[in-house]
Amino acid sequence: MILAWVNGIYEGVDAFLTGMGTTARFLVENVRGQGGATAVTRQYPQQPAEIVGERVRGHLFNKADICIVCHACDKACPVDCFSMDGERDANNKMRASRFDIDLSKCIYCGLCVRACPTDSLSMTTGFEIDPHTDAGRYLFRRNTGQLDRKLDAPDVVRMAQLANQPRESLSAEDRAWLDSVVDPAGEHLIGMYGLGYFTPEEKAKADAERERKKKEKEAAAAAAKAAKAALEKAAAEKALAAKEAATPAGRPDGGNAP
Amino acid sequence: MEFGPAVNTIATWISGPDPSWWAVGIGLVAVWVIPVLAIVFPVAAVGQIIERKVAAAMQRRHGPNTVGMDGILRLVVRLAFFFLPRAAQDRIQARITALPGVGWTLGLLQRSGLGQLAADGVKMIGKEDIVPAGTDGLVFRAAPYLALVGAFLPFAAIPFAQNLVALEVPVGALYVVAASGFTVVGLLMAGWGSGNKFSLLGGMRAVAQVVSYEIPVGLAIAGVVLWCGTMDLHQIVAHQYNGQWYSFLGWNIFQSPFLALLACLLFFAGLAECQRTPFDMAEAESELVSGFNTEYSGLRWGMFAMAEYSEMILVGALVSTLFLGGYQSPIGEPWIMSLPGWLETIIHAGILLVKFTLGVVLMVWIRWTLPRFRVDQVMRLCWLTLVPLCLLSLFGLALTMLLGGLAGGVHTGPAYGRIPGMQHINLDALGWLVTWVVPVGFAAVLVAVARRRHGQMHPALKQLTGGA
Amino acid sequence: MSTDVTVETLGGERMKLNMGPHHPATHGVLRLMVETDGEIVAKAVPDHGFLHRSIEKIGECVEWPMFVPYTDRIDYVCAMNANLAYCVAVEKLLNTDPATAVQVPLRAECIRIIVAELNRISSHLVAVGAMSMDLGAYTPFLHGIAQRETVNDIFEKLCGQRLTYNFVTIGGVAFDLHKGAEAEITAFLDAFEKEMIRFNKLITANTIFRDRCAGVAAISAADAVAYGLVGPNLRGSGVDWDIRRDEPYGIYDRLAVRVPVGQGFAGRNGRVGDCYDRFVVRLLEINESVRLVREALKMLPAPVEKKTDATGGYQADVAKQLRKPPKGEVRVRTEAPRGEMGYVIVSDGSKTPYRVRCRTGSFTACSIFQKLMRGIFMADIVTVIGSFDIVVPEIDR
Amino acid sequence: MSTALAFAAIAEQVKSAHPSVEARESDNRQPWLLVPAADLPAVARLLRDAPALRFDSLADLTGWDLAKFPATPPSTDIAVAYYLHSLAHRHHLTLKVMAPRDAAQVPSVSGVWAVANYFEREVYDLLGVAFTGHPNLKRIMCPDDWIGHPLRKDYVYPQAYNGIAHLRDGQHFEDAPPRVGDPPPAPAAAAPAKPPVKSA
């Protein structure tokens, strides 16, 4: 029993010293940056994630001039984040007149990209939609024309950097590039829940249209209800009148008998 | 009750050669509060940064590194030039950072995360003091103060320097143990008053644990008292001086293997008294959410945190005082004693600060290495391991002293400094060797036999740990 | 050593305690209604459903391939294995009729093994790390996560995502291995093995950790089988059963899978089937997975241009079959990190499943909680939960 | 393994003890045994305890609503399927019990295989099959006051739960745009199914 007790103490001390030695080595390695054991965490907003590889599934991007509005992406999407309208152009080809991707629904699964027959749909390496970060904030400052331009993560970082600087201090090249991706006019509320492809005017129009339809529907329902009520009232009056007309003349029992 | 020389000096300075009670009181408060405010409080605050930086480095993270340049300077400028418009404040800040060296210093502060200190303090003060419904109002509100008082009381008897001690009680060691037990009242009140079952469990665990661990603490201190023949902490420190340039060999921890063992036991029992991992039963995060301080917020929570770090410092200071020569330097004292008194005080206090800060770092290191005990294992460790080991050490120590006395190893030597000399047990080289070799050799043989009988490890585990 | 106090000797006055759904140690939104007498637990009743997202109902509403992203969400800690389980099940359904039979290319099978075993490693790292964190050691958890991040980097290069991969598809995998993947994986494995030794020195060999797990909540083999425990939880109780070896799917029959079982690793105080055995079995499985990835890399055929090629391709063409799959039902069992992930799939011959049923390891693991959590300490509750490696979305689906 | 039995041999043994059990096959030739609900506990005990069978593990227990399944002959029953597995002999068996949808009641096997406790609660919750003799037949996924059983084919989606609408503002199920390629919407189903048996 005493030997077991001694052994228990020895094991405890041994494990304690081993553990302390291990953590001490971690400490030294981290401070000196050896053995790959430097800090692996990131200072998030200042130091955005590195994008590794080319298959990164970031924001969806549709190249509208080659999209043929075949709805393949819509059919493949498990969460219904697409809605689109098409129209025939001068060459009788289908072209997207509206292509809305609801990024708050998108689960970044990439099934739509695999389904796309024309490769018009792709995923950028940009993933930031948090408007509290620079990258997220400046993504919202793009107008309809600029939405045709695919922006990957490095572009987004560059965009945020340039847009944060005074405009006068930029080189001509940078300024031109910035103007091609960010609208100096300010923020656009594009799409309802994220980076859709509505312009503000289109969104207003769509909202008005939906409102109008809803009102029409309600009005029609109200009218139908009123008509039905009137009809019922008329029928009831008619029945009453018939009853009144019938009682005194034909039926001595007042119409109560079967 | 006797008061320290500094207290007496201040009292005499205030009201003449026969100081009245209020003058003594003022002196006492001054000499007690100065070390606490000037040494313990900052170290307790810095301890949190140390903790976070050490933990981060062990875990391949950065730790605090953001608040610094912007945080501190902007805070200072904003507070100092409150009435100025924002733009003017920014200009002032820019002008200050343009001064030579300021930017560099602030950058260092930022990298080391020290700005977090100020930010945490401001945050803690600024946060709402929430007293949830269902709490026992007065008990809940009073608990943090009691915990803090319990953490700071023992510092009155710790000698920070030859002069810098508030209470020069002849039973200083006893006083420290008694006063540090006061904290647990605060923890129990917090656990009870919170009206939260997790808190209650935490408070109960704290009581059970702290009360149990006072036994090994007391026994370990008793060993030193036995060896030095006094309970006066000042005398114990003075006793550890051997008058040579290698004065560190005079420290208690090098005198006997039993004293070294007692030092380790005191450290671990003290760790348990501060409720630190692996003994953090009372606030076990993954079991009791946060134990007794679950319901606290803002400044009251901050008081608990401060009490915890102060207790860590207390343990470090106690181990240093009892075993590591207290405020003495390891390389002889004459070079310090030749300095003027105020400088000597500062240097001695600084030496003690370094010693207990190392203790705090060790505690932090332990915390981020070991998992937590279970509540029954903590008790088992205390009663079945620490207490028997303490008793064994005491017995061994007594035997050493007896045999040493018989062999004529006891003689009187001068202790350096302004405190009168003490009787030493100054063994010669042979006696010292025997003192160390016999017990250590016996323990080694015992461990070897025990390993052979009981120490087999499962082969799969050997494979997992690299065949070690 | 467990407590000497039994439930029968407890006093009559009990305290009711709600652990969860926001408790730090319940690994998500699990709620335990605990009755204690002081520190001793008299009763603990789990309460589920806080994360119920009706994934099985969704399965009846989406088309066959569109359910794969949802399987990611059933078990996000090992999404590759979850994808694989569903895809293997659908392939088995298609193969029940020669007209719709599908031949998964060999290269795709190898890639599946590689990603599944890599994901098993990263999932077990979360399991052992989270358990050590529950027991108060925070550092090993973050070192496990750091290794998991390396796996995630490999997966991000492979399929573009770090958590919900949607990589395994019906009939193969979505992408071929990226350039330099073999070298990357080998380099990771070499570094990883060294790192794991330090991890084990830090936590597995620690006596405090061992004593806290030893003998706690020991499950006999008969109980483990009766309560439907699967995977490492079952093997921790000493039952030698691994679907990869005993009912192989894919090409597991060509890799000799070695199955570690619990043997009372904790030594003196330990018993077969206690928390420590489950913990160590996971660590041994990590080593085995490392070996399997290496073997699969050796077997990997050279890639060819044509992606539907039976050997070097990576994706059989199944679009036509999925429009009109055979009518009927099929059940498939696969070995996910948390044990058996079994699918029952009922097809009415249309392009949408009639019923998709996913049986997960964590769900059945919860059924034994009430039996285990009697007469143990409060602190042991987190040990038990951690040792079962439950992932709450897998329970609630 | 040599002691593993084929389906035919297992079916033979079970039928010799319980003649009411029938061997069936699904459309894609997966064999299973149809067990009348009344015989289920006895059959289950036989399967677990007979030395040659020894089905010690209930690998899965689930069910599905046959109301829309194009079976011949058409059925509106709820199928409850038991997937058994023997760790001792390493063989499998599938049992099925057909429960009429209006009064779906099946005897519980939670006394035979402990794990059935949870599985049966799930089937009860999602499909509304009441397992008689179950020790704790309560909903496990949905809240206790949930109306209907979601995996039934005639389940009607609620617009709100306890006053909390779960769609976005202004959106309703009937307003949600139809998906391209979907069949035209079916006429609205009947009132929500009531839980058949209120558990104790």
# chains A, B, ... in the order shown; residues from 1 in each chain; ligands from 1
>>> interface_residues(of="chain A", to="chain D", cutoff="9 Å", atoms="only C-alpha atoms", output="ChimeraX atom specification")
/A:71,74-75,80
>>> write_last_selection(atoms="N, CA and C atoms", output="PDB file, in the first residue's frame")
ATOM      1  N   HIS A  71     -32.283  28.384 -66.339  1.00  0.00           N
ATOM      2  CA  HIS A  71     -32.828  27.964 -65.040  1.00  0.00           C
ATOM      3  C   HIS A  71     -32.182  26.694 -64.515  1.00  0.00           C
ATOM      4  N   ASP A  74     -31.236  27.321 -61.005  1.00  0.00           N
ATOM      5  CA  ASP A  74     -32.426  27.392 -60.167  1.00  0.00           C
ATOM      6  C   ASP A  74     -32.893  25.995 -59.802  1.00  0.00           C
ATOM      7  N   LYS A  75     -32.842  25.087 -60.815  1.00  0.00           N
ATOM      8  CA  LYS A  75     -33.295  23.723 -60.542  1.00  0.00           C
ATOM      9  C   LYS A  75     -32.334  23.001 -59.622  1.00  0.00           C
ATOM     10  N   ASP A  80     -33.292  27.470 -53.158  1.00  0.00           N
ATOM     11  CA  ASP A  80     -34.051  28.466 -53.927  1.00  0.00           C
ATOM     12  C   ASP A  80     -33.526  29.869 -53.743  1.00  0.00           C
TER      13      ASP A  80
END
>>> residues_around(residues="range 136-153 of chain D", least_positions_apart="3", cutoff="9 Å", atoms="only C-alpha atoms", output="JSON, numbers by chain")
{"C": [47, 48, 49, 50, 51, 52, 54, 56, 57, 60, 355, 396, 397], "D": [64, 65, 66, 67, 68, 78, 117, 118, 120, 121, 122, 124, 125, 126, 127, 128, 130, 131, 132, 133, 156, 157, 158, 161, 192, 193, 194, 195, 199, 200]}
>>> closest_residue(among="B:Leu84, B:Val54, B:Ala272, B:Ile34", to="chain C", atoms="only C-alpha atoms")
B:Val54
>>> interface_residues(of="chain A", to="chain C", cutoff="6 Å", atoms="only C-alpha atoms", output="PyMOL selection string")
chain A and resi 12+15+19+52-53+55-57+78
>>> write_last_selection(atoms="N, CA and C atoms", output="tab-separated table (two decimals), in the first residue's frame")
chain	number	residue	atom	x	y	z
A	12	GLY	N	2.35	11.27	-10.40
A	12	GLY	CA	1.82	12.63	-10.46
A	12	GLY	C	2.90	13.64	-10.75
A	15	ALA	N	4.12	13.19	-14.40
A	15	ALA	CA	3.20	13.74	-15.39
A	15	ALA	C	3.22	15.26	-15.34
A	19	GLY	N	4.24	17.48	-18.47
A	19	GLY	CA	3.32	18.48	-19.01
A	19	GLY	C	3.94	19.86	-19.03
A	52	VAL	N	-6.76	29.98	-50.03
A	52	VAL	CA	-5.90	28.94	-50.55
A	52	VAL	C	-6.61	28.20	-51.66
A	53	GLY	N	-5.89	27.92	-52.72
A	53	GLY	CA	-6.47	27.15	-53.81
A	53	GLY	C	-7.34	27.98	-54.72
A	55	ARG	N	-10.32	26.69	-55.93
A	55	ARG	CA	-11.71	26.22	-55.97
A	55	ARG	C	-12.55	26.86	-54.88
A	56	VAL	N	-12.05	27.94	-54.31
A	56	VAL	CA	-12.75	28.54	-53.17
A	56	VAL	C	-14.17	28.93	-53.57
A	57	ARG	N	-15.11	28.60	-52.70
A	57	ARG	CA	-16.50	28.90	-53.02
A	57	ARG	C	-16.94	30.13	-52.23
A	78	PRO	N	-30.54	23.83	-53.82
A	78	PRO	CA	-31.36	23.22	-52.77
A	78	PRO	C	-32.12	24.23	-51.92
>>> residues_around(residues="Val128 in chain C", least_positions_apart="3", cutoff="8 Å", atoms="only C-alpha atoms", output="ChimeraX atom specification")
/C:124-125,131-132,141,279,282-283,386-387
>>> interface_residues(of="chain B", to="chain C", cutoff="10 Å", atoms="only C-alpha atoms", output="PyMOL selection string")
chain B and resi 55-56+58-61+196-198+200-201+204-205+277-281+284-290+367-377+454-468
>>> write_last_selection(atoms="N, CA and C atoms", output="short mmCIF file (atom, residue, chain, number, x, y, z; two decimals), in the first residue's frame")
data_model
loop_
_atom_site.label_atom_id
_atom_site.label_comp_id
_atom_site.auth_asym_id
_atom_site.auth_seq_id
_atom_site.Cartn_x
_atom_site.Cartn_y
_atom_site.Cartn_z
N ALA B 55 -0.60 32.24 -21.77
CA ALA B 55 -1.55 31.27 -22.30
C ALA B 55 -1.55 31.31 -23.82
N ALA B 56 -1.56 32.52 -24.38
CA ALA B 56 -1.61 32.65 -25.83
C ALA B 56 -0.37 32.03 -26.46
N MET B 58 1.49 29.66 -25.34
CA MET B 58 1.46 28.21 -25.28
C MET B 58 0.47 27.62 -26.26
N GLN B 59 -0.53 28.40 -26.60
CA GLN B 59 -1.60 27.86 -27.43
C GLN B 59 -1.55 28.38 -28.85
N ARG B 60 -0.43 28.90 -29.24
CA ARG B 60 -0.23 29.37 -30.61
C ARG B 60 -1.25 30.44 -30.99
N ARG B 61 -1.47 31.33 -30.05
CA ARG B 61 -2.33 32.47 -30.34
C ARG B 61 -1.52 33.75 -30.16
N ASN B 196 -28.02 31.41 -7.11
CA ASN B 196 -27.81 30.57 -8.28
C ASN B 196 -27.24 29.26 -7.79
N LYS B 197 -27.80 28.16 -8.29
CA LYS B 197 -27.38 26.87 -7.74
C LYS B 197 -25.94 26.56 -8.11
N PHE B 198 -25.54 26.95 -9.29
CA PHE B 198 -24.14 26.72 -9.66
C PHE B 198 -23.21 27.51 -8.74
N LEU B 200 -23.86 28.40 -5.72
CA LEU B 200 -23.89 27.81 -4.39
C LEU B 200 -22.93 26.62 -4.32
N LEU B 201 -22.99 25.78 -5.36
CA LEU B 201 -22.07 24.65 -5.40
C LEU B 201 -20.63 25.14 -5.37
N MET B 204 -19.66 26.31 -1.89
CA MET B 204 -19.47 25.19 -0.98
C MET B 204 -18.14 24.49 -1.25
N ARG B 205 -17.86 24.31 -2.54
CA ARG B 205 -16.60 23.68 -2.89
C ARG B 205 -15.44 24.51 -2.37
N THR B 277 -6.41 26.64 -11.30
CA THR B 277 -6.24 25.34 -11.94
C THR B 277 -4.91 24.77 -11.50
N PRO B 278 -4.77 23.51 -11.17
CA PRO B 278 -5.77 22.44 -11.28
C PRO B 278 -6.71 22.34 -10.10
N PHE B 279 -6.74 23.33 -9.25
CA PHE B 279 -7.62 23.24 -8.07
C PHE B 279 -8.81 24.20 -8.19
N ASP B 280 -9.19 24.60 -9.38
CA ASP B 280 -10.23 25.62 -9.48
C ASP B 280 -11.62 25.01 -9.42
N MET B 281 -11.83 24.22 -8.37
CA MET B 281 -13.16 23.63 -8.18
C MET B 281 -14.24 24.69 -8.13
N ALA B 284 -15.00 26.17 -11.58
CA ALA B 284 -14.79 25.25 -12.70
C ALA B 284 -15.68 25.63 -13.87
N GLU B 285 -15.07 26.18 -14.88
CA GLU B 285 -15.85 26.79 -15.95
C GLU B 285 -16.73 25.79 -16.67
N SER B 286 -16.19 24.61 -16.94
CA SER B 286 -16.97 23.68 -17.74
C SER B 286 -17.95 22.87 -16.89
N GLU B 287 -17.84 22.98 -15.57
CA GLU B 287 -18.81 22.26 -14.75
C GLU B 287 -19.84 23.21 -14.14
N LEU B 288 -19.35 24.26 -13.48
CA LEU B 288 -20.23 25.16 -12.75
C LEU B 288 -20.37 26.50 -13.45
N VAL B 289 -20.23 26.51 -14.76
CA VAL B 289 -20.31 27.73 -15.56
C VAL B 289 -19.22 28.71 -15.11
N SER B 290 -19.41 29.40 -13.98
CA SER B 290 -18.28 30.15 -13.45
C SER B 290 -18.29 30.12 -11.93
N ARG B 367 -1.39 26.56 -14.75
CA ARG B 367 -2.81 26.62 -15.11
C ARG B 367 -3.04 26.21 -16.55
N TRP B 368 -2.15 26.62 -17.43
CA TRP B 368 -2.37 26.31 -18.84
C TRP B 368 -1.76 24.98 -19.24
N THR B 369 -1.33 24.22 -18.26
CA THR B 369 -0.79 22.90 -18.57
C THR B 369 -1.70 21.79 -18.09
N LEU B 370 -2.19 21.92 -16.86
CA LEU B 370 -2.85 20.78 -16.23
C LEU B 370 -4.36 20.84 -16.35
N PRO B 371 -5.00 19.68 -16.45
CA PRO B 371 -6.46 19.65 -16.31
C PRO B 371 -6.86 19.77 -14.85
N ARG B 372 -8.16 19.85 -14.64
CA ARG B 372 -8.68 20.12 -13.31
C ARG B 372 -8.90 18.82 -12.56
N PHE B 373 -8.69 18.86 -11.24
CA PHE B 373 -9.04 17.71 -10.41
C PHE B 373 -10.55 17.64 -10.26
N ARG B 374 -10.99 16.48 -9.78
CA ARG B 374 -12.39 16.38 -9.40
C ARG B 374 -12.47 16.70 -7.93
N VAL B 375 -13.67 17.00 -7.45
CA VAL B 375 -13.76 17.55 -6.11
C VAL B 375 -13.32 16.54 -5.06
N ASP B 376 -13.61 15.25 -5.28
CA ASP B 376 -13.18 14.27 -4.28
C ASP B 376 -11.68 14.04 -4.37
N GLN B 377 -11.14 14.17 -5.59
CA GLN B 377 -9.70 13.96 -5.73
C GLN B 377 -8.91 15.08 -5.07
N HIS B 454 4.40 -1.23 -9.12
CA HIS B 454 3.10 -0.70 -9.53
C HIS B 454 3.14 0.12 -10.81
N GLY B 455 4.30 0.37 -11.33
CA GLY B 455 4.38 1.42 -12.35
C GLY B 455 4.26 0.97 -13.78
N GLN B 456 3.49 -0.12 -14.05
CA GLN B 456 3.45 -0.49 -15.46
C GLN B 456 2.40 0.33 -16.20
N MET B 457 2.72 0.72 -17.41
CA MET B 457 1.83 1.55 -18.23
C MET B 457 1.32 0.66 -19.35
N HIS B 458 0.11 0.91 -19.81
CA HIS B 458 -0.43 0.10 -20.89
C HIS B 458 0.41 0.31 -22.15
N PRO B 459 0.72 -0.77 -22.90
CA PRO B 459 1.58 -0.61 -24.09
C PRO B 459 1.00 0.36 -25.11
N ALA B 460 -0.35 0.39 -25.22
CA ALA B 460 -0.94 1.32 -26.20
C ALA B 460 -0.60 2.77 -25.84
N LEU B 461 -0.58 3.05 -24.55
CA LEU B 461 -0.26 4.41 -24.12
C LEU B 461 1.19 4.72 -24.40
N LYS B 462 2.04 3.70 -24.22
CA LYS B 462 3.46 3.91 -24.53
C LYS B 462 3.62 4.27 -25.99
N GLN B 463 2.85 3.56 -26.82
CA GLN B 463 2.95 3.82 -28.25
C GLN B 463 2.46 5.24 -28.55
N LEU B 464 1.38 5.65 -27.87
CA LEU B 464 0.83 6.98 -28.15
C LEU B 464 1.78 8.09 -27.74
N THR B 465 2.50 7.87 -26.65
CA THR B 465 3.40 8.93 -26.19
C THR B 465 4.80 8.75 -26.75
N GLY B 466 4.89 8.06 -27.86
CA GLY B 466 6.17 7.98 -28.54
C GLY B 466 7.13 7.01 -27.89
N GLY B 467 6.61 5.95 -27.26
CA GLY B 467 7.47 4.92 -26.70
C GLY B 467 8.17 5.34 -25.44
N ALA B 468 7.83 6.52 -24.92
CA ALA B 468 8.53 6.99 -23.73
C ALA B 468 8.05 6.24 -22.50
#
>>> select_by_dssp(residues="range 11-120 of chain A", states="strand (DSSP E)", output="list of chain:residue names")
A:Leu60, A:Phe61, A:Asn62, A:Phe82, A:Ser83, A:Met84, A:Asp85, A:Gly86, A:Glu87, A:Arg88, A:Met94, A:Arg95, A:Ala96, A:Ser97, A:Arg98, A:Phe99, A:Asp100, A:Ile101
>>> interface_residues(of="chain A", to="chain B", cutoff="7 Å", atoms="only C-alpha atoms", output="list of chain:residue names")
A:Leu3, A:Ala4, A:Val6, A:Asn7, A:Tyr10, A:Gly19, A:Met20, A:Thr23, A:Phe26, A:Leu27, A:Asn30, A:Val31, A:Ala37, A:Thr38, A:Ala39, A:Val40, A:Thr41
>>> write_last_selection(atoms="C-alpha atoms", output="compact mmCIF listing (two decimals), in the first residue's frame")
# COMPACT_ATOMS: atom_id res chain seq x y z
CA LEU A 3 4.53 1.48 -2.36
CA ALA A 4 1.36 2.19 -4.32
CA VAL A 6 4.72 6.36 -3.40
CA ASN A 7 4.14 5.28 -6.97
CA TYR A 10 5.87 9.68 -8.43
CA GLY A 19 3.32 18.48 -19.01
CA MET A 20 5.21 21.55 -17.86
CA THR A 23 4.03 23.56 -22.59
CA PHE A 26 5.38 25.30 -26.94
CA LEU A 27 6.03 28.62 -25.27
CA ASN A 30 6.01 30.19 -30.26
CA VAL A 31 8.04 33.08 -28.96
CA ALA A 37 4.66 26.64 -33.95
CA THR A 38 4.07 30.33 -34.38
CA ALA A 39 0.66 31.76 -33.71
CA VAL A 40 -1.87 30.26 -36.07
CA THR A 41 -4.69 32.68 -35.33
>>> residues_around(residues="range 323-326 of chain B", least_positions_apart="3", cutoff="8 Å", atoms="only C-alpha atoms", output="VMD selection string")
chain B and resid 159 to 160 224 237 to 238 240 to 241 248 250 to 253 259 to 260 263 317 319 to 320 329 to 330 352
>>> residues_around(residues="range 337-350 of chain B", least_positions_apart="2", cutoff="8 Å", atoms="only C-alpha atoms", output="ChimeraX atom specification")
/B:160-164,327-329,333-335,352-354,417
>>> write_last_selection(atoms="N, CA and C atoms", output="PDB file, in the first residue's frame")
ATOM      1  N   PHE B 160       8.420  43.538   3.223  1.00  0.00           N
ATOM      2  CA  PHE B 160       8.852  43.848   1.859  1.00  0.00           C
ATOM      3  C   PHE B 160      10.292  44.337   1.846  1.00  0.00           C
ATOM      4  N   ALA B 161      10.705  44.899   2.970  1.00  0.00           N
ATOM      5  CA  ALA B 161      12.104  45.326   3.107  1.00  0.00           C
ATOM      6  C   ALA B 161      12.369  45.369   4.601  1.00  0.00           C
ATOM      7  N   GLN B 162      13.598  45.755   4.965  1.00  0.00           N
ATOM      8  CA  GLN B 162      13.899  45.757   6.392  1.00  0.00           C
ATOM      9  C   GLN B 162      12.980  46.681   7.166  1.00  0.00           C
ATOM     10  N   ASN B 163      12.594  47.791   6.529  1.00  0.00           N
ATOM     11  CA  ASN B 163      11.731  48.733   7.218  1.00  0.00           C
ATOM     12  C   ASN B 163      10.279  48.604   6.824  1.00  0.00           C
ATOM     13  N   LEU B 164      10.071  48.090   5.629  1.00  0.00           N
ATOM     14  CA  LEU B 164       8.737  48.180   5.040  1.00  0.00           C
ATOM     15  C   LEU B 164       7.868  47.013   5.478  1.00  0.00           C
ATOM     16  N   TYR B 327      13.314  39.125   1.114  1.00  0.00           N
ATOM     17  CA  TYR B 327      13.741  40.266   0.284  1.00  0.00           C
ATOM     18  C   TYR B 327      15.240  40.295   0.060  1.00  0.00           C
ATOM     19  N   GLN B 328      15.958  39.266   0.524  1.00  0.00           N
ATOM     20  CA  GLN B 328      17.414  39.303   0.358  1.00  0.00           C
ATOM     21  C   GLN B 328      17.805  39.031  -1.084  1.00  0.00           C
ATOM     22  N   SER B 329      18.935  39.594  -1.432  1.00  0.00           N
ATOM     23  CA  SER B 329      19.449  39.289  -2.758  1.00  0.00           C
ATOM     24  C   SER B 329      20.224  37.977  -2.674  1.00  0.00           C
ATOM     25  N   GLU B 333      24.569  40.739   0.839  1.00  0.00           N
ATOM     26  CA  GLU B 333      23.815  41.914   1.221  1.00  0.00           C
ATOM     27  C   GLU B 333      24.635  43.192   1.351  1.00  0.00           C
ATOM     28  N   PRO B 334      25.987  43.136   1.550  1.00  0.00           N
ATOM     29  CA  PRO B 334      26.705  44.377   1.871  1.00  0.00           C
ATOM     30  C   PRO B 334      26.471  45.473   0.841  1.00  0.00           C
ATOM     31  N   TRP B 335      26.431  45.129  -0.440  1.00  0.00           N
ATOM     32  CA  TRP B 335      26.276  46.180  -1.459  1.00  0.00           C
ATOM     33  C   TRP B 335      24.940  46.897  -1.329  1.00  0.00           C
ATOM     34  N   LEU B 352      11.995  41.214  -3.747  1.00  0.00           N
ATOM     35  CA  LEU B 352      10.850  40.383  -3.373  1.00  0.00           C
ATOM     36  C   LEU B 352       9.835  40.343  -4.516  1.00  0.00           C
ATOM     37  N   LEU B 353       9.663  41.498  -5.160  1.00  0.00           N
ATOM     38  CA  LEU B 353       8.720  41.558  -6.288  1.00  0.00           C
ATOM     39  C   LEU B 353       9.116  40.570  -7.379  1.00  0.00           C
ATOM     40  N   VAL B 354      10.416  40.548  -7.697  1.00  0.00           N
ATOM     41  CA  VAL B 354      10.874  39.616  -8.729  1.00  0.00           C
ATOM     42  C   VAL B 354      10.595  38.183  -8.295  1.00  0.00           C
ATOM     43  N   GLY B 417      22.804  42.889   8.742  1.00  0.00           N
ATOM     44  CA  GLY B 417      21.757  43.895   8.650  1.00  0.00           C
ATOM     45  C   GLY B 417      21.455  44.518   9.973  1.00  0.00           C
TER      46      GLY B 417
END
>>> interface_residues(of="chain C", to="chain D", cutoff="8 Å", atoms="only C-alpha atoms", output="PyMOL selection string")
chain C and resi 47-50+52+57+96-97+225-228+241+326-330+348+354-355+357+359+364+367-368+396
>>> residues_around(residues="range 65-68 of chain A", least_positions_apart="2", cutoff="10 Å", atoms="only C-alpha atoms", output="list of chain:residue names")
A:Asn62, A:Lys63, A:Cys70, A:His71, A:Ala72, A:Gly86, A:Glu87, A:Arg88, A:Lys93, A:Met94, A:Arg95, A:Ala96, A:Phe99, A:Cys116, A:Pro117, A:Thr118, A:Asp119, A:Ser120, A:Leu121, A:Asp148
>>> residues_around(residues="Arg24 in chain D", least_positions_apart="3", cutoff="8 Å", atoms="only C-alpha atoms", output="list in words")
Pro31, Trp32, Leu33 and Leu34 of chain D
>>> atom_distance(atom1="CA of Ile39 in chain B", atom2="CA of Leu262 in chain B")
26.6 Å
>>> atom_distance(atom1="CA of Ala166 in chain B", atom2="CA of Ala11 in chain B")
12.0 Å
